[in-house]
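Chemist: Pasting a structure here, questions to come.
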Amino acid sequence: MIDINEFRQNQSRLPREELEKYNGQYVAWSSDGTRILAADPDPLRVDALLCVAGYDPAEILVSRIAIPEEVSWSGWSLPEDSPLS
Amino acid sequence: MIIRYTPCPVRTPVPALGGVSLLPRPILAVRITGPRGSRLRDGLLDTGADETILDSSVAPLIGIDLNQALEREINLVGRGRVPCRYATVQLRITDGIAETYEWDTVVGFAPFPILRGLLGFAGFLQFFDAAFRGADREVTLLPNAAFAGRRI
C-alpha cells in the first residue's frame with residue numbers, strides 16, 4: 001500500500017469523463033490509484049474479474065462510482081438504483 | 001494518522017462553499033476481515049452516524065452469512081426505519097506509511113447498496129480521537145483509551 005493520501009491524489013487526477021463511464025459500477029483501483037483494473041455493476045463479478053487478471057481481491061480497493069453525488073445532510077449516500085433513492 | 005479529505009463531485013453547488021461542486025469528504029479506505037477473507041472498501045468518517053454500517057455486498061466475500069446475523073431496525077434520516085444485520089468483523093486502517101490499526105468490532109450491514117460505508121461512533125469513532133481540520137481539509141485520527149486493538 002502506498003501513502004493513502006498519494007493514492008487519493010492519483011485517484012482525483014483521473015478525468016471526470018473517464019470516471020463517468022463507470023457510473024453506477026463497482027470499480028477496482030490499481031494499488032497507486034492511477035488506473036481502474038476492473039469494473040462491473042455486480043461487486044461479485046469485480047472480484048471474479050480481478051482473480052482472472054491475476055490480482056488478489058483482498059489487496060485491491062473497490063469503490064462504487066456515482067458522479068455526481070448528491071449533497072447529503074447525513075452520511076448516507078445512496079446509489080441512484082437504490083430502492084430508497 | 002492524517003487523512004486528507006477527498007474531493008467528491010456533487011450534483012448541486014454548495015452555497016456556503018462559494019458555489020463549488022467539489023465537496024471535500026473525509027473518506028478512508030478500510031480493510032474488512034471476516035472468517036474467510038478480507039476486502040478493502042471506502043468509508044466515510046461520520047460523527048452523525050451512531051453506528052458503523054457497511055455495504056452488504058462485502059459480507060459474502062469475507063465469509064459472513066447475513067441470514068444468520070442479528071437483525072434490528074435502525075432509523076434512516078428522512079426515510080424511516082429499515083432492517084439492518086449485524087456481525088463481528090475485523091477492521092484495519094492505514095495511512096500507508098507509518099500507522100496501521102486493526103481491531104475487532106460489531107458492524108451493521110445495510111439492507112440496500114450504499115456508496116460507501118459509514119464509519120460512525122459504535123465500532124469506529126469510539127476508538128479514536130478525531131480532529132476534523134476543515135481549513136486544512138484533513139482529519140487526524142488518534143487511538144484513544146477505548147481502543148483495544150493493535151497498532152501494527
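Following the order of the C-alpha cells, first chain is A, next is B, and so on, with residues numbered from 1 inside each chain and ligands from 1 in the order they appear.
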Identify, with DSSP run on backbone atoms, the residues in chain A assigned to strand (DSSP E or B), and express the list as a PyMOL selection string.
Modeler: chain A and resi 26-29+36-40+61-64+69
Chemist: Report as a list in words: the residues of chain A with a DSSP assignment of helix (DSSP H, G or I), based on the backbone of this structure.
Modeler: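 Filtering chain A to helix (DSSP H, G or I) leaves Ile4, Asn5, Glu6, Phe7, Arg8, Gln9, Asn10, Gln11, Ser12, Arg13, Arg16, Glu17, Glu18, Leu19, Glu20, Pro43, Leu44, Arg45, Val46, Asp47, Ala48, Leu49, Leu50, Cys51, Val52, Pro57, Ala58 and Glu59 of chain A.
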Chemist: Considering only C-alpha atoms, tabulate each residue of chain B that lies at most 8 Å from chain A along with its nearest interatomic pair and the corresponding distance in Å to one decimal; arrange the rows by chain and ascending residue number and present them as a Markdown table.
Modeler:
```
| residue | atom | partner | partner_atom | distance |
| --- | --- | --- | --- | --- |
| B:Ile3 | CA | A:Asn5 | CA | 6.6 |
| B:Arg4 | CA | A:Asn5 | CA | 6.2 |
| B:Thr6 | CA | A:Arg8 | CA | 6.8 |
| B:Pro7 | CA | A:Ser12 | CA | 7.5 |
| B:Cys8 | CA | A:Glu69 | CA | 7.3 |
| B:Pro9 | CA | A:Pro68 | CA | 5.1 |
| B:Val10 | CA | A:Glu69 | CA | 4.4 |
| B:Arg11 | CA | A:Pro68 | CA | 5.0 |
| B:Thr12 | CA | A:Val71 | CA | 6.9 |
| B:Val14 | CA | A:Val71 | CA | 7.9 |
| B:Ala29 | CA | A:Leu61 | CA | 7.4 |
| B:Gly37 | CA | A:Ala58 | CA | 7.1 |
| B:Ser38 | CA | A:Ala58 | CA | 5.3 |
| B:Arg39 | CA | A:Ala58 | CA | 4.6 |
| B:Leu40 | CA | A:Leu61 | CA | 4.7 |
| B:Arg41 | CA | A:Val62 | CA | 5.6 |
| B:Asp42 | CA | A:Ser63 | CA | 6.2 |
| B:Leu44 | CA | A:Gly75 | CA | 7.1 |
| B:Asp46 | CA | A:Gly75 | CA | 6.0 |
| B:Gly48 | CA | A:Ser74 | CA | 6.8 |
| B:Ala49 | CA | A:Gly75 | CA | 7.1 |
| B:Ser57 | CA | A:Pro43 | CA | 6.8 |
| B:Leu61 | CA | A:Leu44 | CA | 7.6 |
| B:Val77 | CA | A:Ser74 | CA | 7.2 |
| B:Arg79 | CA | A:Leu84 | CA | 7.5 |
| B:Thr94 | CA | A:Ile4 | CA | 7.6 |
| B:Asp95 | CA | A:Ile4 | CA | 5.2 |
| B:Gly96 | CA | A:Asp3 | CA | 4.3 |
| B:Ile97 | CA | A:Asp3 | CA | 5.5 |
| B:Phe112 | CA | A:Ser82 | CA | 6.4 |
| B:Pro113 | CA | A:Ser82 | CA | 6.2 |
| B:Ile114 | CA | A:Leu78 | CA | 4.9 |
| B:Leu115 | CA | A:Arg64 | CA | 5.6 |
| B:Arg116 | CA | A:Ser63 | CA | 7.2 |
| B:Leu118 | CA | A:Gly75 | CA | 6.6 |
```
Chemist: Would you put the residues from that selection into a file with N, CA and C atoms, as an mmCIF file, in the first residue's frame?
Modeler:
```cif
data_model
loop_
_atom_site.group_PDB
_atom_site.id
_atom_site.type_symbol
_atom_site.label_atom_id
_atom_site.label_comp_id
_atom_site.auth_asym_id
_atom_site.auth_seq_id
_atom_site.Cartn_x
_atom_site.Cartn_y
_atom_site.Cartn_z
ATOM 1 N N ILE B 3 -5.556 11.926 7.475
ATOM 2 C CA ILE B 3 -6.264 11.552 6.253
ATOM 3 C C ILE B 3 -6.781 12.825 5.591
ATOM 4 N N ARG B 4 -6.327 13.070 4.373
ATOM 5 C CA ARG B 4 -6.830 14.252 3.650
ATOM 6 C C ARG B 4 -8.234 14.000 3.131
ATOM 7 N N THR B 6 -11.258 13.900 0.575
ATOM 8 C CA THR B 6 -11.335 13.562 -0.847
ATOM 9 C C THR B 6 -12.365 14.469 -1.520
ATOM 10 N N PRO B 7 -11.996 15.159 -2.589
ATOM 11 C CA PRO B 7 -12.984 15.989 -3.291
ATOM 12 C C PRO B 7 -13.961 15.116 -4.073
ATOM 13 N N CYS B 8 -15.255 15.285 -3.790
ATOM 14 C CA CYS B 8 -16.283 14.481 -4.456
ATOM 15 C C CYS B 8 -17.166 15.391 -5.303
ATOM 16 N N PRO B 9 -17.323 15.093 -6.582
ATOM 17 C CA PRO B 9 -18.230 15.891 -7.418
ATOM 18 C C PRO B 9 -19.667 15.719 -6.951
ATOM 19 N N VAL B 10 -20.356 16.822 -6.758
ATOM 20 C CA VAL B 10 -21.768 16.741 -6.333
ATOM 21 C C VAL B 10 -22.653 17.426 -7.372
ATOM 22 N N ARG B 11 -23.936 17.030 -7.352
ATOM 23 C CA ARG B 11 -24.863 17.468 -8.391
ATOM 24 C C ARG B 11 -25.152 18.964 -8.316
ATOM 25 N N THR B 12 -25.315 19.456 -7.078
ATOM 26 C CA THR B 12 -25.687 20.864 -6.929
ATOM 27 C C THR B 12 -24.594 21.618 -6.175
ATOM 28 N N VAL B 14 -22.604 23.979 -3.660
ATOM 29 C CA VAL B 14 -22.859 24.210 -2.239
ATOM 30 C C VAL B 14 -22.684 25.699 -1.949
ATOM 31 N N ALA B 29 -10.043 4.428 3.376
ATOM 32 C CA ALA B 29 -10.117 3.016 2.978
ATOM 33 C C ALA B 29 -10.018 2.141 4.228
ATOM 34 N N GLY B 37 -11.791 -14.249 4.705
ATOM 35 C CA GLY B 37 -11.048 -13.337 3.861
ATOM 36 C C GLY B 37 -11.276 -11.888 4.214
ATOM 37 N N SER B 38 -10.703 -11.022 3.409
ATOM 38 C CA SER B 38 -10.840 -9.588 3.667
ATOM 39 C C SER B 38 -11.002 -8.837 2.359
ATOM 40 N N ARG B 39 -11.557 -7.659 2.454
ATOM 41 C CA ARG B 39 -11.716 -6.782 1.305
ATOM 42 C C ARG B 39 -11.488 -5.343 1.739
ATOM 43 N N LEU B 40 -11.044 -4.528 0.765
ATOM 44 C CA LEU B 40 -10.814 -3.105 1.022
ATOM 45 C C LEU B 40 -11.978 -2.295 0.459
ATOM 46 N N ARG B 41 -12.578 -1.480 1.304
ATOM 47 C CA ARG B 41 -13.694 -0.659 0.863
ATOM 48 C C ARG B 41 -13.562 0.747 1.456
ATOM 49 N N ASP B 42 -14.118 1.731 0.768
ATOM 50 C CA ASP B 42 -14.099 3.092 1.287
ATOM 51 C C ASP B 42 -15.180 3.295 2.335
ATOM 52 N N LEU B 44 -16.853 6.569 5.033
ATOM 53 C CA LEU B 44 -16.906 7.998 5.331
ATOM 54 C C LEU B 44 -16.886 8.191 6.848
ATOM 55 N N ASP B 46 -18.011 9.712 9.892
ATOM 56 C CA ASP B 46 -19.296 10.397 10.050
ATOM 57 C C ASP B 46 -19.658 10.507 11.529
ATOM 58 N N GLY B 48 -22.065 11.983 12.695
ATOM 59 C CA GLY B 48 -23.513 11.951 12.836
ATOM 60 C C GLY B 48 -24.090 10.549 12.823
ATOM 61 N N ALA B 49 -23.259 9.572 12.539
ATOM 62 C CA ALA B 49 -23.732 8.181 12.495
ATOM 63 C C ALA B 49 -23.481 7.527 13.849
ATOM 64 N N SER B 57 -22.754 -6.038 0.284
ATOM 65 C CA SER B 57 -22.136 -6.843 -0.776
ATOM 66 C C SER B 57 -20.794 -7.420 -0.336
ATOM 67 N N LEU B 61 -18.298 -12.030 0.509
ATOM 68 C CA LEU B 61 -16.914 -12.104 0.032
ATOM 69 C C LEU B 61 -15.930 -12.405 1.151
ATOM 70 N N VAL B 77 -32.274 8.687 8.460
ATOM 71 C CA VAL B 77 -32.772 10.062 8.430
ATOM 72 C C VAL B 77 -33.589 10.318 7.167
ATOM 73 N N ARG B 79 -35.979 8.720 5.953
ATOM 74 C CA ARG B 79 -36.507 7.552 5.231
ATOM 75 C C ARG B 79 -37.116 6.507 6.146
ATOM 76 N N THR B 94 -5.027 2.209 7.555
ATOM 77 C CA THR B 94 -3.613 2.548 7.463
ATOM 78 C C THR B 94 -3.438 3.833 6.676
ATOM 79 N N ASP B 95 -2.364 4.535 6.980
ATOM 80 C CA ASP B 95 -2.028 5.693 6.149
ATOM 81 C C ASP B 95 -1.041 5.279 5.057
ATOM 82 N N GLY B 96 -0.675 4.013 5.065
ATOM 83 C CA GLY B 96 0.232 3.505 4.039
ATOM 84 C C GLY B 96 1.680 3.871 4.284
ATOM 85 N N ILE B 97 1.940 4.560 5.372
ATOM 86 C CA ILE B 97 3.320 4.983 5.650
ATOM 87 C C ILE B 97 3.798 4.433 6.994
ATOM 88 N N PHE B 112 -29.495 -2.411 1.672
ATOM 89 C CA PHE B 112 -29.546 -1.931 0.289
ATOM 90 C C PHE B 112 -28.149 -1.407 -0.044
ATOM 91 N N PRO B 113 -27.832 -1.279 -1.341
ATOM 92 C CA PRO B 113 -26.490 -0.805 -1.689
ATOM 93 C C PRO B 113 -26.247 0.622 -1.193
ATOM 94 N N ILE B 114 -25.068 0.848 -0.667
ATOM 95 C CA ILE B 114 -24.682 2.208 -0.284
ATOM 96 C C ILE B 114 -23.361 2.529 -0.982
ATOM 97 N N LEU B 115 -23.150 3.808 -1.233
ATOM 98 C CA LEU B 115 -21.953 4.194 -1.979
ATOM 99 C C LEU B 115 -20.679 3.872 -1.215
ATOM 100 N N ARG B 116 -20.697 4.105 0.056
ATOM 101 C CA ARG B 116 -19.524 3.804 0.877
ATOM 102 C C ARG B 116 -19.990 3.584 2.305
ATOM 103 N N LEU B 118 -20.348 3.763 6.356
ATOM 104 C CA LEU B 118 -20.416 4.861 7.314
ATOM 105 C C LEU B 118 -19.569 4.482 8.507
#
```
Chemist: With only C-alpha atoms as the counted atoms, please give the residues lying no more than 8 Å from A:Asn10, apart from itself and same-chain residues fewer than 3 positions off, as an NGL selection string.
Modeler: :A and (6-7 or 13-14 or 32-34)
Chemist: As a short mmCIF file (atom, residue, chain, number, x, y, z; two decimals) with C-alpha atoms, in the first residue's frame, please: the residues near B:Thr88 (cut-off 9 Å, only C-alpha atoms, same-chain neighbours under 3 positions excluded).
Modeler:
```
data_model
loop_
_atom_site.label_atom_id
_atom_site.label_comp_id
_atom_site.auth_asym_id
_atom_site.auth_seq_id
_atom_site.Cartn_x
_atom_site.Cartn_y
_atom_site.Cartn_z
CA GLY B 34 -14.27 -11.93 8.19
CA ILE B 64 -20.26 -13.71 6.63
CA ASP B 104 -12.43 -6.42 16.18
CA THR B 105 -15.88 -4.92 16.36
CA VAL B 106 -19.53 -5.38 15.53
CA VAL B 107 -20.74 -3.55 12.44
CA GLY B 108 -24.05 -3.27 10.64
#
```
Chemist: Atom CA of B:Asn75 and atom CA of B:Ile53, how far apart in Å?
Modeler: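 Here the two named atoms are 12.4 Å from each other.
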Chemist: List the neighbours of B:Arg133 out to 10 Å using only C-alpha atoms; skip same-chain residues closer than 4 positions along the sequence, and give me the result as a ChimeraX atom specification.
Modeler: /B:4-5,137-140
Chemist: Please write the residues from the selection above to a file, keeping C-alpha atoms, as a JSON list (two decimals), in the first residue's frame.
Modeler:
```json
[["chain", "number", "residue", "atom", "x", "y", "z"],
["B", 4, "ARG", "CA", -6.83, 14.25, 3.65],
["B", 5, "TYR", "CA", -10.37, 14.93, 2.54],
["B", 137, "ARG", "CA", -9.22, 19.64, 4.60],
["B", 138, "GLU", "CA", -7.86, 16.80, 6.66],
["B", 139, "VAL", "CA", -8.72, 14.73, 9.70],
["B", 140, "THR", "CA", -6.38, 13.39, 12.34]]
```
